[in-house]
Each structure stands twice: as structure tokens, then as C-alpha cells.
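Colleague: This is the content of final_31.cif (mmCIF, C-alpha atoms and all ligand atoms):
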data_structure
#
loop_
_atom_site.label_atom_id
_atom_site.label_comp_id
_atom_site.auth_asym_id
_atom_site.auth_seq_id
_atom_site.Cartn_x
_atom_site.Cartn_y
_atom_site.Cartn_z
CA MET N 77 -26.04 42.29 -33.51
CA ARG N 78 -28.32 43.01 -30.60
CA VAL N 79 -32.04 43.56 -31.12
CA VAL N 80 -33.81 45.04 -28.11
CA ILE N 81 -37.59 44.86 -28.40
CA GLN N 82 -39.77 47.03 -26.18
CA ASN N 83 -43.58 47.03 -25.83
CA ASP N 84 -44.10 50.51 -27.18
CA TYR N 85 -42.45 53.66 -28.49
CA GLN N 86 -42.18 55.26 -25.06
CA LYS N 87 -40.28 52.31 -23.54
CA MET N 88 -38.09 52.01 -26.62
CA SER N 89 -37.18 55.69 -26.29
CA VAL N 90 -36.41 55.39 -22.58
CA TRP N 91 -34.18 52.35 -23.18
CA ALA N 92 -32.27 54.14 -25.95
CA ALA N 93 -31.83 57.30 -23.85
CA ARG N 94 -30.56 55.31 -20.87
CA HIS N 95 -28.10 53.46 -23.09
CA ILE N 96 -26.72 56.74 -24.47
CA ALA N 97 -26.52 58.30 -20.99
CA GLU N 98 -24.68 55.25 -19.62
CA ALA N 99 -22.14 55.43 -22.44
CA ILE N 100 -21.53 59.15 -21.80
CA ASN N 101 -21.30 58.67 -18.04
CA ALA N 102 -18.85 55.78 -18.43
CA ARG N 103 -16.34 58.36 -19.76
CA ASN N 104 -16.30 60.17 -16.41
CA GLY N 105 -16.29 63.63 -17.99
CA LYS N 106 -13.91 62.84 -20.85
CA ARG N 107 -14.99 63.73 -24.39
CA PHE N 108 -17.73 61.59 -25.93
CA VAL N 109 -18.56 61.88 -29.64
CA LEU N 110 -22.18 61.25 -30.56
CA GLY N 111 -23.69 60.95 -34.05
CA LEU N 112 -27.34 62.03 -34.21
CA PRO N 113 -30.37 61.74 -36.51
CA THR N 114 -33.44 63.84 -37.11
CA GLY N 115 -36.94 62.47 -37.82
CA SER N 116 -39.83 61.44 -35.63
CA SER N 117 -38.15 58.21 -34.43
CA PRO N 118 -35.57 59.87 -32.11
CA LEU N 119 -37.95 62.47 -30.64
CA GLY N 120 -38.88 60.29 -27.65
CA THR N 121 -35.20 59.54 -27.00
CA TYR N 122 -34.34 63.25 -27.11
CA LYS N 123 -37.22 64.01 -24.75
CA GLU N 124 -35.97 61.46 -22.24
CA LEU N 125 -32.35 62.67 -22.53
CA ILE N 126 -33.55 66.24 -21.89
CA ARG N 127 -35.39 65.03 -18.78
CA MET N 128 -32.29 63.14 -17.60
CA CYS N 129 -30.07 66.18 -18.22
CA LYS N 130 -32.41 68.50 -16.29
CA ASN N 131 -32.44 65.90 -13.52
CA LYS N 132 -28.61 65.81 -13.51
CA GLU N 133 -28.54 62.13 -14.51
CA VAL N 134 -26.38 62.97 -17.55
CA SER N 135 -24.44 65.99 -18.79
CA PHE N 136 -23.60 66.95 -22.37
CA ALA N 137 -20.91 69.43 -21.30
CA ASN N 138 -18.20 67.19 -22.78
CA VAL N 139 -20.22 65.70 -25.60
CA VAL N 140 -19.40 66.53 -29.22
CA THR N 141 -22.14 65.86 -31.77
CA PHE N 142 -22.27 65.30 -35.52
CA ASN N 143 -25.64 65.21 -37.24
CA MET N 144 -26.32 62.77 -40.03
CA ASP N 145 -27.73 64.98 -42.72
CA GLU N 146 -29.21 68.27 -43.90
CA TYR N 147 -31.28 69.42 -46.85
CA VAL N 148 -29.48 71.35 -49.56
CA GLY N 149 -30.79 74.87 -50.05
CA LEU N 150 -32.65 75.39 -46.76
CA PRO N 151 -31.26 78.17 -44.58
CA ARG N 152 -30.65 77.26 -40.94
CA ASP N 153 -33.61 79.27 -39.71
CA HIS N 154 -36.01 77.48 -42.09
CA GLU N 155 -38.55 75.58 -39.98
CA GLN N 156 -37.81 72.32 -41.78
CA SER N 157 -34.02 72.53 -41.78
CA TYR N 158 -32.41 69.80 -39.70
CA TRP N 159 -30.41 72.54 -37.97
CA HIS N 160 -33.67 74.05 -36.74
CA PHE N 161 -35.04 70.62 -35.81
CA MET N 162 -32.01 69.74 -33.69
CA TRP N 163 -31.86 73.02 -31.81
CA SER N 164 -35.56 73.25 -31.10
CA ASN N 165 -36.05 69.57 -30.21
CA PHE N 166 -32.81 68.87 -28.37
CA PHE N 167 -29.80 71.18 -28.14
CA ASP N 168 -31.69 74.21 -26.78
CA HIS N 169 -32.77 72.11 -23.79
CA ILE N 170 -29.50 70.47 -22.72
CA ASP N 171 -26.14 71.72 -21.42
CA ILE N 172 -24.21 71.17 -24.67
CA LYS N 173 -21.60 73.72 -25.77
CA LYS N 174 -22.55 75.43 -29.02
CA GLU N 175 -19.07 74.92 -30.47
CA ASN N 176 -19.38 71.14 -29.94
CA VAL N 177 -22.40 70.83 -32.24
CA HIS N 178 -21.70 69.93 -35.88
CA ILE N 179 -24.44 70.03 -38.51
CA LEU N 180 -23.78 69.93 -42.25
CA ASN N 181 -24.45 73.28 -43.93
CA GLY N 182 -26.75 72.77 -46.91
CA MET N 183 -26.18 76.39 -47.94
CA ALA N 184 -22.38 76.08 -48.17
CA PRO N 185 -20.98 77.64 -51.36
CA ASP N 186 -18.93 74.50 -52.05
CA LEU N 187 -20.94 71.46 -50.98
CA GLU N 188 -18.21 68.93 -51.75
CA GLU N 189 -15.75 70.85 -49.63
CA GLU N 190 -18.36 71.03 -46.85
CA CYS N 191 -18.70 67.22 -46.95
CA ALA N 192 -14.95 66.56 -47.06
CA ASN N 193 -14.45 68.97 -44.18
CA TYR N 194 -17.14 67.20 -42.14
CA GLU N 195 -15.32 63.87 -42.47
CA LYS N 196 -12.09 65.64 -41.50
CA GLN N 197 -13.69 67.13 -38.39
CA MET N 198 -14.89 63.68 -37.33
CA ARG N 199 -11.41 62.27 -37.75
CA GLU N 200 -9.89 65.15 -35.79
CA VAL N 201 -11.99 64.35 -32.72
CA GLY N 202 -11.01 60.68 -32.93
CA GLY N 203 -14.10 59.33 -34.67
CA ILE N 204 -17.66 58.77 -33.51
CA ASP N 205 -18.17 56.79 -30.29
CA LEU N 206 -21.86 56.11 -30.81
CA PHE N 207 -23.90 56.81 -33.93
CA LEU N 208 -27.62 56.93 -33.24
CA GLY N 209 -29.80 56.54 -36.33
CA GLY N 210 -33.35 56.19 -37.52
CA ILE N 211 -34.48 54.43 -40.65
CA GLY N 212 -36.74 55.27 -43.59
CA VAL N 213 -39.54 52.94 -44.70
CA ASP N 214 -37.26 51.84 -47.55
CA GLY N 215 -34.48 51.10 -45.09
CA HIS N 216 -32.38 54.18 -45.69
CA MET N 217 -30.03 55.38 -42.95
CA ALA N 218 -29.45 59.14 -42.89
CA PHE N 219 -30.16 59.99 -46.56
CA ASN N 220 -28.39 56.90 -47.90
CA GLU N 221 -31.15 55.96 -50.27
CA PRO N 222 -31.49 52.42 -51.67
CA PHE N 223 -28.46 51.47 -53.79
CA SER N 224 -26.14 53.89 -52.03
CA SER N 225 -22.72 52.33 -51.77
CA LEU N 226 -22.15 50.59 -48.47
CA ALA N 227 -18.68 52.17 -48.61
CA SER N 228 -20.07 55.70 -49.05
CA ARG N 229 -18.90 58.75 -47.14
CA THR N 230 -20.33 62.21 -46.57
CA ARG N 231 -21.58 63.61 -49.87
CA VAL N 232 -24.41 65.23 -51.80
CA LYS N 233 -27.26 62.81 -52.44
CA THR N 234 -30.32 63.06 -54.66
CA LEU N 235 -33.48 62.09 -52.78
CA THR N 236 -35.76 59.42 -54.20
CA TYR N 237 -39.34 60.18 -55.13
CA ASP N 238 -40.47 57.89 -52.27
CA THR N 239 -38.48 59.82 -49.68
CA LYS N 240 -39.80 63.13 -50.99
CA VAL N 241 -43.37 61.83 -50.75
CA VAL N 242 -42.83 60.62 -47.16
CA ASN N 243 -41.11 63.86 -46.12
CA SER N 244 -43.67 66.08 -47.87
CA ARG N 245 -45.72 65.83 -44.65
CA PHE N 246 -43.36 68.49 -43.28
CA PHE N 247 -43.75 70.68 -46.38
CA ASP N 248 -47.54 71.21 -46.52
CA TYR N 249 -47.90 67.83 -48.27
CA ASP N 250 -46.54 69.43 -51.43
CA ILE N 251 -43.73 67.36 -52.93
CA ALA N 252 -42.62 70.38 -54.96
CA ASN N 253 -41.57 72.06 -51.70
CA VAL N 254 -39.30 69.18 -50.60
CA PRO N 255 -35.64 69.79 -51.50
CA SER N 256 -34.39 67.33 -54.14
CA THR N 257 -30.91 66.96 -52.70
CA ALA N 258 -29.34 66.64 -49.28
CA LEU N 259 -25.94 66.38 -47.67
CA THR N 260 -25.59 63.11 -45.81
CA VAL N 261 -22.98 61.10 -43.99
CA GLY N 262 -22.25 57.87 -45.86
CA VAL N 263 -23.12 54.32 -44.85
CA GLN N 264 -19.45 53.78 -44.05
CA THR N 265 -19.33 57.01 -42.04
CA VAL N 266 -22.02 55.51 -39.81
CA THR N 267 -20.52 52.04 -39.58
CA ASP N 268 -17.07 53.50 -38.79
CA ALA N 269 -18.48 54.52 -35.41
CA ARG N 270 -17.42 52.36 -32.47
CA GLU N 271 -21.07 51.64 -31.77
CA VAL N 272 -24.20 52.02 -33.90
CA MET N 273 -27.72 52.14 -32.47
CA ILE N 274 -30.72 52.25 -34.80
CA LEU N 275 -34.26 53.11 -33.65
CA ILE N 276 -37.06 51.36 -35.55
CA ASN N 277 -40.68 51.87 -34.52
CA GLY N 278 -44.14 51.47 -35.96
CA HIS N 279 -45.91 49.16 -38.42
CA ASN N 280 -44.69 51.13 -41.41
CA LYS N 281 -41.08 50.21 -40.56
CA ALA N 282 -41.76 46.45 -40.24
CA ARG N 283 -40.34 45.61 -43.67
CA ALA N 284 -37.28 47.73 -43.01
CA LEU N 285 -36.65 45.97 -39.68
CA GLN N 286 -36.99 42.60 -41.38
CA ALA N 287 -34.49 43.61 -44.09
CA ALA N 288 -32.11 45.14 -41.55
CA ILE N 289 -31.80 42.07 -39.35
CA GLU N 290 -32.92 39.01 -41.37
CA GLY N 291 -32.21 39.92 -44.97
CA GLY N 292 -28.80 39.70 -46.61
CA VAL N 293 -26.37 42.60 -46.50
CA SER N 294 -27.43 44.61 -49.53
CA GLN N 295 -27.14 48.10 -50.90
CA SER N 296 -30.88 47.93 -51.67
CA TRP N 297 -31.55 48.19 -47.91
CA THR N 298 -28.67 50.34 -46.76
CA CYS N 299 -29.48 49.75 -43.08
CA SER N 300 -28.48 46.08 -43.57
CA ALA N 301 -24.83 47.26 -43.50
CA ILE N 302 -25.03 47.24 -39.69
CA GLN N 303 -24.95 43.43 -39.84
CA LEU N 304 -21.21 43.73 -40.51
CA HIS N 305 -20.68 46.00 -37.52
CA PRO N 306 -19.13 44.41 -34.42
CA ASN N 307 -21.18 46.54 -32.04
CA ALA N 308 -24.62 47.30 -33.45
CA ILE N 309 -27.92 47.52 -31.58
CA VAL N 310 -31.39 47.81 -33.05
CA VAL N 311 -33.95 49.14 -30.58
CA CYS N 312 -37.52 48.62 -31.73
CA ASP N 313 -41.12 48.48 -30.60
CA GLU N 314 -43.62 45.61 -30.96
CA PRO N 315 -45.43 47.04 -34.02
CA ALA N 316 -42.14 47.15 -35.96
CA CYS N 317 -41.70 43.38 -35.39
CA GLY N 318 -44.63 42.41 -37.64
CA GLU N 319 -42.55 41.07 -40.51
CA ILE N 320 -39.77 39.18 -38.72
CA LYS N 321 -40.00 35.43 -38.21
CA VAL N 322 -41.62 34.21 -35.00
CA ASP N 323 -38.38 32.39 -34.24
CA THR N 324 -36.30 35.54 -34.70
CA TYR N 325 -38.69 37.44 -32.44
CA ARG N 326 -38.55 34.72 -29.76
CA TYR N 327 -34.77 34.51 -29.96
CA PHE N 328 -34.23 38.20 -29.25
CA CYS N 329 -36.99 38.33 -26.62
CA ASP N 330 -35.23 35.48 -24.88
CA ILE N 331 -31.64 36.73 -24.91
CA GLU N 332 -32.65 40.32 -24.12
CA GLN N 333 -35.33 39.43 -21.57
CA ASN N 334 -33.65 41.44 -18.82
CA GLU N 335 -33.81 44.56 -21.01
CA ARG N 336 -37.62 44.72 -21.19
CA LEU N 337 -38.82 47.82 -19.36
C1 LIG U 401 -35.32 61.12 -43.09
C2 LIG U 401 -33.97 61.26 -42.42
C3 LIG U 401 -33.52 59.97 -41.77
C4 LIG U 401 -34.62 59.39 -40.93
C5 LIG U 401 -35.82 59.12 -41.79
C6 LIG U 401 -36.97 58.50 -41.04
O1 LIG U 401 -35.22 60.60 -44.36
N1 LIG U 401 -32.96 61.71 -43.32
O2 LIG U 401 -32.35 60.21 -40.99
O3 LIG U 401 -34.19 58.21 -40.30
O4 LIG U 401 -36.26 60.36 -42.35
O5 LIG U 401 -37.70 59.47 -40.36
P1 LIG U 401 -38.77 59.15 -39.26
O6 LIG U 401 -38.04 58.81 -38.03
O7 LIG U 401 -39.55 60.43 -39.13
O8 LIG U 401 -39.60 58.03 -39.78
#
Starting from the coordinates I provided, produce the structure as C-alpha cells.
Ligand code: GLP
Modeller:
Amino acid sequence: MRVVIQNDYQKMSVWAARHIAEAINARNGKRFVLGLPTGSSPLGTYKELIRMCKNKEVSFANVVTFNMDEYVGLPRDHEQSYWHFMWSNFFDHIDIKKENVHILNGMAPDLEEECANYEKQMREVGGIDLFLGGIGVDGHMAFNEPFSSLASRTRVKTLTYDTKVVNSRFFDYDIANVPSTALTVGVQTVTDAREVMILINGHNKARALQAAIEGGVSQSWTCSAIQLHPNAIVVCDEPACGEIKVDTYRYFCDIEQNERL
């Protein structure tokens, strides 16, 4: 696993955006399939990718996207739906084709069919080339809460009290307004991608970073599953490194020294 440490959130976001753009450009216009997260962590990366796209440094014309998750019961036009988040923070500002965007529908009449169909659509395009992810303070990837199976696939998931508390900041700080269930890709759906890149920033994610890279592979920190992936990168900022060993920190600073922006 690679761990790329940057001084701050801005540099971390620029590094991640450049890495994604390089992977897309390496295809020379052939289809590239990108898995995407919501949350505050990827916002800087999306901002930089928008800038690069406007500047003609990258094009999304042949990029197909699959989002990680969506709340159950929120219509697309709800301000806190992940559909709304993705269009307003990213898709509306790049040259992606509408038909190439895939986001789980939390209002689907048959949620299990929606999830099965999502996995089928990923298979039909040949799988995900690069899955970008964030991480919750408890180490969850997408909505794969602690103790989700590391072999899980897209399904309906009940959100933990902790996640509802953290996400209540988007729902007037009222936990009663946070949906109790979500549709989410599974841990295995993420790790099936040919490359996985996880963004981890801020002091409040320090324990999660420690568990993700130094702890054992465990369903209690679902992000730790990336340790078994042959091509995983964690991109983080200095504040997120507070709980890793000094030796671990030095090791990655040393082998990734040319990557510091
Ligand atoms: C939610 C999302 C995750 C995201 C996490 C962290 O739970 N389902 O995909 O990684 O929040 O969000 P943030 O980046 O805002 O800390």
C-alpha cells in the first residue's frame, strides 16, 4: 500500500486530482470507469478536477462514474441527497455525459433490485478502474459501517447512531432528520476496483488512518480491507497522521518524498 502524506488539505486534494487526471489521460480517450464518494473530504479534489477540466488538462467526456452510496428515502432534488451533492459540487461543472453518471436511487420501489442492478451495471462496463473514497471517523468506507462484511456488495445498510450524529450537521443538527438507512456499495465492490484511493484528512480521522494502515485487517474498521488490495493508495494530510507511529510516518515520508507538493 502507498501512503502519500501532504502538508495540508489543499495539497492533498491537488495530489489526488492530478493522480486521477493522469489515470484518465493515460487511456488516450478510451473509456475510464471512476468510483466516487460524497462528503467533505473529496470536495477539494473535485474543485481541482473542475479547474483542470476548465483548463483542458483533463476531460471527462469518456469517463463513466459510479457513486458509492445514497440515502434511502431522499428524493434526488433534496438538498442533502448524494445525487444533489454530486451534481452541484462536481458533475454540473465538468464535461461528463449525463448518461455516464450512475448514482444509486434511494427512492427505488425495489431497493434490492436497485442494488443488484448497480453491481450488474458495473460489471457490464468492465469493472471500476479507480475507486476514490473517503472515510468516516469510525473507519467506514461508503456506508460500510463497522462490522460490515469485508466481502459485502451493494445493498441496503442501516446507519449507526454514530454516523447519524456525525451526519446530522447536514440536517439542522437534528438526528431525527437523518435517514436511518442507505444504499451503499460493499467493501468488496470497492476493493474489486483495479485501483483504490482513499482520502483521509484532519485530526478527527487520525484513529481511522492508524487503523487503516497499521491495524490488522478487520471488519471493525472496514477501511482496513484495502490492506489486501494490490493497488491501494491512501492520500492524507499532516493532521491525520497524529496517531500513526513515528517510524511509520518517517517510512512513508521517505519513500514518497518526491510526491510532496
Ligand atoms: C459519509 C459517507 C462516506 C464518507 C463519510 C465521511 O458517511 N457515506 O462516503 O466517506 O461520510 O465524510 P467526510 O468526508 O465529510 O468526513
Colleague: Please write out the residues within 10 Å of ligand LIG 401 (chain U) as a PyMOL selection string, counting all atoms listed in the file.
Modeller: chain N and resi 112-119+143-147+158+208-221+235-236+238-240+242-243+245-246+258-261+274-278+280-281
Colleague: Considering all atoms listed in the file, return as JSON, numbers by chain whatever protein or nucleic-acid residues lie within 12 Å of stretch 321-327 of chain N, sequence-local ones (same chain, fewer than 2 positions apart) excluded.
Modeller: {"N": [78, 79, 80, 81, 82, 282, 283, 285, 286, 287, 289, 290, 291, 312, 313, 314, 315, 316, 317, 318, 319, 329, 330, 331, 332, 333]}
Colleague: Would you save the residues from that selection as a short mmCIF file (atom, residue, chain, number, x, y, z; two decimals), keeping the file's coordinate frame, using C-alpha atoms?
Modeller:
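Okay, result.cif is ready:
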data_model
loop_
_atom_site.label_atom_id
_atom_site.label_comp_id
_atom_site.auth_asym_id
_atom_site.auth_seq_id
_atom_site.Cartn_x
_atom_site.Cartn_y
_atom_site.Cartn_z
CA ARG N 78 -28.32 43.01 -30.60
CA VAL N 79 -32.04 43.56 -31.12
CA VAL N 80 -33.81 45.04 -28.11
CA ILE N 81 -37.59 44.86 -28.40
CA GLN N 82 -39.77 47.03 -26.18
CA ALA N 282 -41.76 46.45 -40.24
CA ARG N 283 -40.34 45.61 -43.67
CA LEU N 285 -36.65 45.97 -39.68
CA GLN N 286 -36.99 42.60 -41.38
CA ALA N 287 -34.49 43.61 -44.09
CA ILE N 289 -31.80 42.07 -39.35
CA GLU N 290 -32.92 39.01 -41.37
CA GLY N 291 -32.21 39.92 -44.97
CA CYS N 312 -37.52 48.62 -31.73
CA ASP N 313 -41.12 48.48 -30.60
CA GLU N 314 -43.62 45.61 -30.96
CA PRO N 315 -45.43 47.04 -34.02
CA ALA N 316 -42.14 47.15 -35.96
CA CYS N 317 -41.70 43.38 -35.39
CA GLY N 318 -44.63 42.41 -37.64
CA GLU N 319 -42.55 41.07 -40.51
CA CYS N 329 -36.99 38.33 -26.62
CA ASP N 330 -35.23 35.48 -24.88
CA ILE N 331 -31.64 36.73 -24.91
CA GLU N 332 -32.65 40.32 -24.12
CA GLN N 333 -35.33 39.43 -21.57
#
Colleague: Please identify all polymer residues lying at most 12 Å from the point (-22.1, 47.3, -37.7) (file coordinates), using only C-alpha atoms, and present the result as a ChimeraX atom specification.
Modeller: /N:77-78,206-208,226,263-274,288-289,293,298-310
Colleague: If we draw a sphere of 10 Å around (-15.9, 62.9, -21.0), which residues have at least one atom in it when counting all atoms listed in the file? Please report them as a list in words.
Modeller: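 Output: Ala99, Ile100, Asn101, Ala102, Arg103, Asn104, Gly105, Lys106, Arg107, Phe108, Val109, Ser135, Phe136, Ala137, Asn138, Val139 and Val140 of chain N.
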Colleague: Go through N:Thr230, N:Thr257, N:Asn334, N:Asn131 one by one, measure the shortest atom-to-atom distance of each to N:Met198 using only C-alpha atoms, and give the residue with the smallest value.
Modeller: N:Thr230
Colleague: Nearest to N:Arg152: which of N:Leu337, N:Ala252, N:Ile96, N:Met183 is it, counting all atoms listed in the file?
Modeller: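 The answer is N:Met183, which sits nearest to N:Arg152.
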Colleague: Please determine, counting all atoms listed in the file, which residue among N:Lys132, N:Arg336, N:Lys233, N:His279 has the shortest atom-to-atom distance to N:Val148.
Modeller: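 Going through N:Lys132, N:Arg336, N:Lys233, N:His279 one by one, the smallest distance to N:Val148 is for N:Lys233.
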Colleague: What does the distance between atom CA of N:Ala92 and atom CA of N:Phe142 come to in Å, to one decimal place?
Modeller: 17.8 Å
Colleague: Could you please determine the separation between atom CA of N:Ser244 and atom CA of N:Ser224 in Å, to one decimal place?
Modeller: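 Separation of atom CA of N:Ser244 and atom CA of N:Ser224: 21.8 Å.
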Colleague: Report, in Å to a single decimal, how far apart atom CA of N:Phe161 and atom CA of N:Phe247 are.
Modeller: 13.7 Å
Colleague: Mind dumping stretch 242-262 of chain N from that block, keeping N, CA, C and O atoms, as a PDB file, in the first residue's frame?
Modeller:
ATOM      1  N   VAL N 242     -22.824  12.240  13.391  1.00  0.00           N
ATOM      2  CA  VAL N 242     -21.843  12.988  12.585  1.00  0.00           C
ATOM      3  C   VAL N 242     -22.538  13.663  11.392  1.00  0.00           C
ATOM      4  O   VAL N 242     -22.289  14.831  11.085  1.00  0.00           O
ATOM      5  N   ASN N 243     -23.428  12.934  10.722  1.00  0.00           N
ATOM      6  CA  ASN N 243     -24.065  13.482   9.521  1.00  0.00           C
ATOM      7  C   ASN N 243     -25.225  14.432   9.827  1.00  0.00           C
ATOM      8  O   ASN N 243     -25.724  15.102   8.922  1.00  0.00           O
ATOM      9  N   SER N 244     -25.621  14.513  11.106  1.00  0.00           N
ATOM     10  CA  SER N 244     -26.735  15.410  11.453  1.00  0.00           C
ATOM     11  C   SER N 244     -26.355  16.870  11.201  1.00  0.00           C
ATOM     12  O   SER N 244     -27.223  17.734  11.130  1.00  0.00           O
ATOM     13  N   ARG N 245     -25.037  17.149  11.041  1.00  0.00           N
ATOM     14  CA  ARG N 245     -24.637  18.527  10.751  1.00  0.00           C
ATOM     15  C   ARG N 245     -25.238  19.025   9.440  1.00  0.00           C
ATOM     16  O   ARG N 245     -25.360  20.224   9.224  1.00  0.00           O
ATOM     17  N   PHE N 246     -25.595  18.084   8.561  1.00  0.00           N
ATOM     18  CA  PHE N 246     -26.222  18.484   7.288  1.00  0.00           C
ATOM     19  C   PHE N 246     -27.745  18.517   7.394  1.00  0.00           C
ATOM     20  O   PHE N 246     -28.441  18.818   6.437  1.00  0.00           O
ATOM     21  N   PHE N 247     -28.281  18.120   8.546  1.00  0.00           N
ATOM     22  CA  PHE N 247     -29.736  18.039   8.721  1.00  0.00           C
ATOM     23  C   PHE N 247     -30.157  18.877   9.936  1.00  0.00           C
ATOM     24  O   PHE N 247     -30.813  18.380  10.845  1.00  0.00           O
ATOM     25  N   ASP N 248     -29.709  20.128   9.957  1.00  0.00           N
ATOM     26  CA  ASP N 248     -30.043  21.069  11.046  1.00  0.00           C
ATOM     27  C   ASP N 248     -29.669  20.514  12.423  1.00  0.00           C
ATOM     28  O   ASP N 248     -30.345  20.805  13.415  1.00  0.00           O
ATOM     29  N   TYR N 249     -28.645  19.701  12.482  1.00  0.00           N
ATOM     30  CA  TYR N 249     -28.169  19.114  13.748  1.00  0.00           C
ATOM     31  C   TYR N 249     -29.273  18.341  14.478  1.00  0.00           C
ATOM     32  O   TYR N 249     -29.232  18.183  15.687  1.00  0.00           O
ATOM     33  N   ASP N 250     -30.241  17.855  13.713  1.00  0.00           N
ATOM     34  CA  ASP N 250     -31.323  17.077  14.320  1.00  0.00           C
ATOM     35  C   ASP N 250     -31.222  15.643  13.809  1.00  0.00           C
ATOM     36  O   ASP N 250     -31.511  15.353  12.643  1.00  0.00           O
ATOM     37  N   ILE N 251     -30.820  14.750  14.692  1.00  0.00           N
ATOM     38  CA  ILE N 251     -30.590  13.356  14.306  1.00  0.00           C
ATOM     39  C   ILE N 251     -31.864  12.703  13.760  1.00  0.00           C
ATOM     40  O   ILE N 251     -31.808  11.789  12.928  1.00  0.00           O
ATOM     41  N   ALA N 252     -33.007  13.214  14.206  1.00  0.00           N
ATOM     42  CA  ALA N 252     -34.284  12.650  13.739  1.00  0.00           C
ATOM     43  C   ALA N 252     -34.486  12.888  12.243  1.00  0.00           C
ATOM     44  O   ALA N 252     -35.249  12.172  11.580  1.00  0.00           O
ATOM     45  N   ASN N 253     -33.794  13.890  11.694  1.00  0.00           N
ATOM     46  CA  ASN N 253     -33.942  14.184  10.261  1.00  0.00           C
ATOM     47  C   ASN N 253     -33.007  13.348   9.379  1.00  0.00           C
ATOM     48  O   ASN N 253     -33.123  13.363   8.162  1.00  0.00           O
ATOM     49  N   VAL N 254     -32.032  12.664   9.998  1.00  0.00           N
ATOM     50  CA  VAL N 254     -31.063  11.883   9.208  1.00  0.00           C
ATOM     51  C   VAL N 254     -31.699  10.534   8.851  1.00  0.00           C
ATOM     52  O   VAL N 254     -32.185   9.834   9.750  1.00  0.00           O
ATOM     53  N   PRO N 255     -31.705  10.179   7.556  1.00  0.00           N
ATOM     54  CA  PRO N 255     -32.271   8.874   7.205  1.00  0.00           C
ATOM     55  C   PRO N 255     -31.577   7.745   7.979  1.00  0.00           C
ATOM     56  O   PRO N 255     -30.389   7.837   8.286  1.00  0.00           O
ATOM     57  N   SER N 256     -32.314   6.703   8.296  1.00  0.00           N
ATOM     58  CA  SER N 256     -31.753   5.597   9.090  1.00  0.00           C
ATOM     59  C   SER N 256     -31.102   4.528   8.226  1.00  0.00           C
ATOM     60  O   SER N 256     -30.370   3.678   8.734  1.00  0.00           O
ATOM     61  N   THR N 257     -31.426   4.552   6.941  1.00  0.00           N
ATOM     62  CA  THR N 257     -30.842   3.539   6.053  1.00  0.00           C
ATOM     63  C   THR N 257     -30.286   4.207   4.794  1.00  0.00           C
ATOM     64  O   THR N 257     -30.660   5.327   4.443  1.00  0.00           O
ATOM     65  N   ALA N 258     -29.395   3.476   4.163  1.00  0.00           N
ATOM     66  CA  ALA N 258     -28.782   3.977   2.920  1.00  0.00           C
ATOM     67  C   ALA N 258     -28.516   2.794   1.997  1.00  0.00           C
ATOM     68  O   ALA N 258     -28.462   1.642   2.446  1.00  0.00           O
ATOM     69  N   LEU N 259     -28.363   3.112   0.720  1.00  0.00           N
ATOM     70  CA  LEU N 259     -27.863   2.108  -0.225  1.00  0.00           C
ATOM     71  C   LEU N 259     -26.369   2.362  -0.333  1.00  0.00           C
ATOM     72  O   LEU N 259     -25.941   3.518  -0.413  1.00  0.00           O
ATOM     73  N   THR N 260     -25.596   1.306  -0.302  1.00  0.00           N
ATOM     74  CA  THR N 260     -24.141   1.509  -0.387  1.00  0.00           C
ATOM     75  C   THR N 260     -23.470   0.375  -1.155  1.00  0.00           C
ATOM     76  O   THR N 260     -23.894  -0.785  -1.060  1.00  0.00           O
ATOM     77  N   VAL N 261     -22.435   0.719  -1.887  1.00  0.00           N
ATOM     78  CA  VAL N 261     -21.603  -0.338  -2.473  1.00  0.00           C
ATOM     79  C   VAL N 261     -20.973  -1.096  -1.304  1.00  0.00           C
ATOM     80  O   VAL N 261     -20.847  -0.555  -0.198  1.00  0.00           O
ATOM     81  N   GLY N 262     -20.596  -2.333  -1.513  1.00  0.00           N
ATOM     82  CA  GLY N 262     -19.990  -3.120  -0.443  1.00  0.00           C
ATOM     83  C   GLY N 262     -18.489  -2.882  -0.355  1.00  0.00           C
ATOM     84  O   GLY N 262     -17.893  -2.241  -1.228  1.00  0.00           O
TER      85      GLY N 262
END
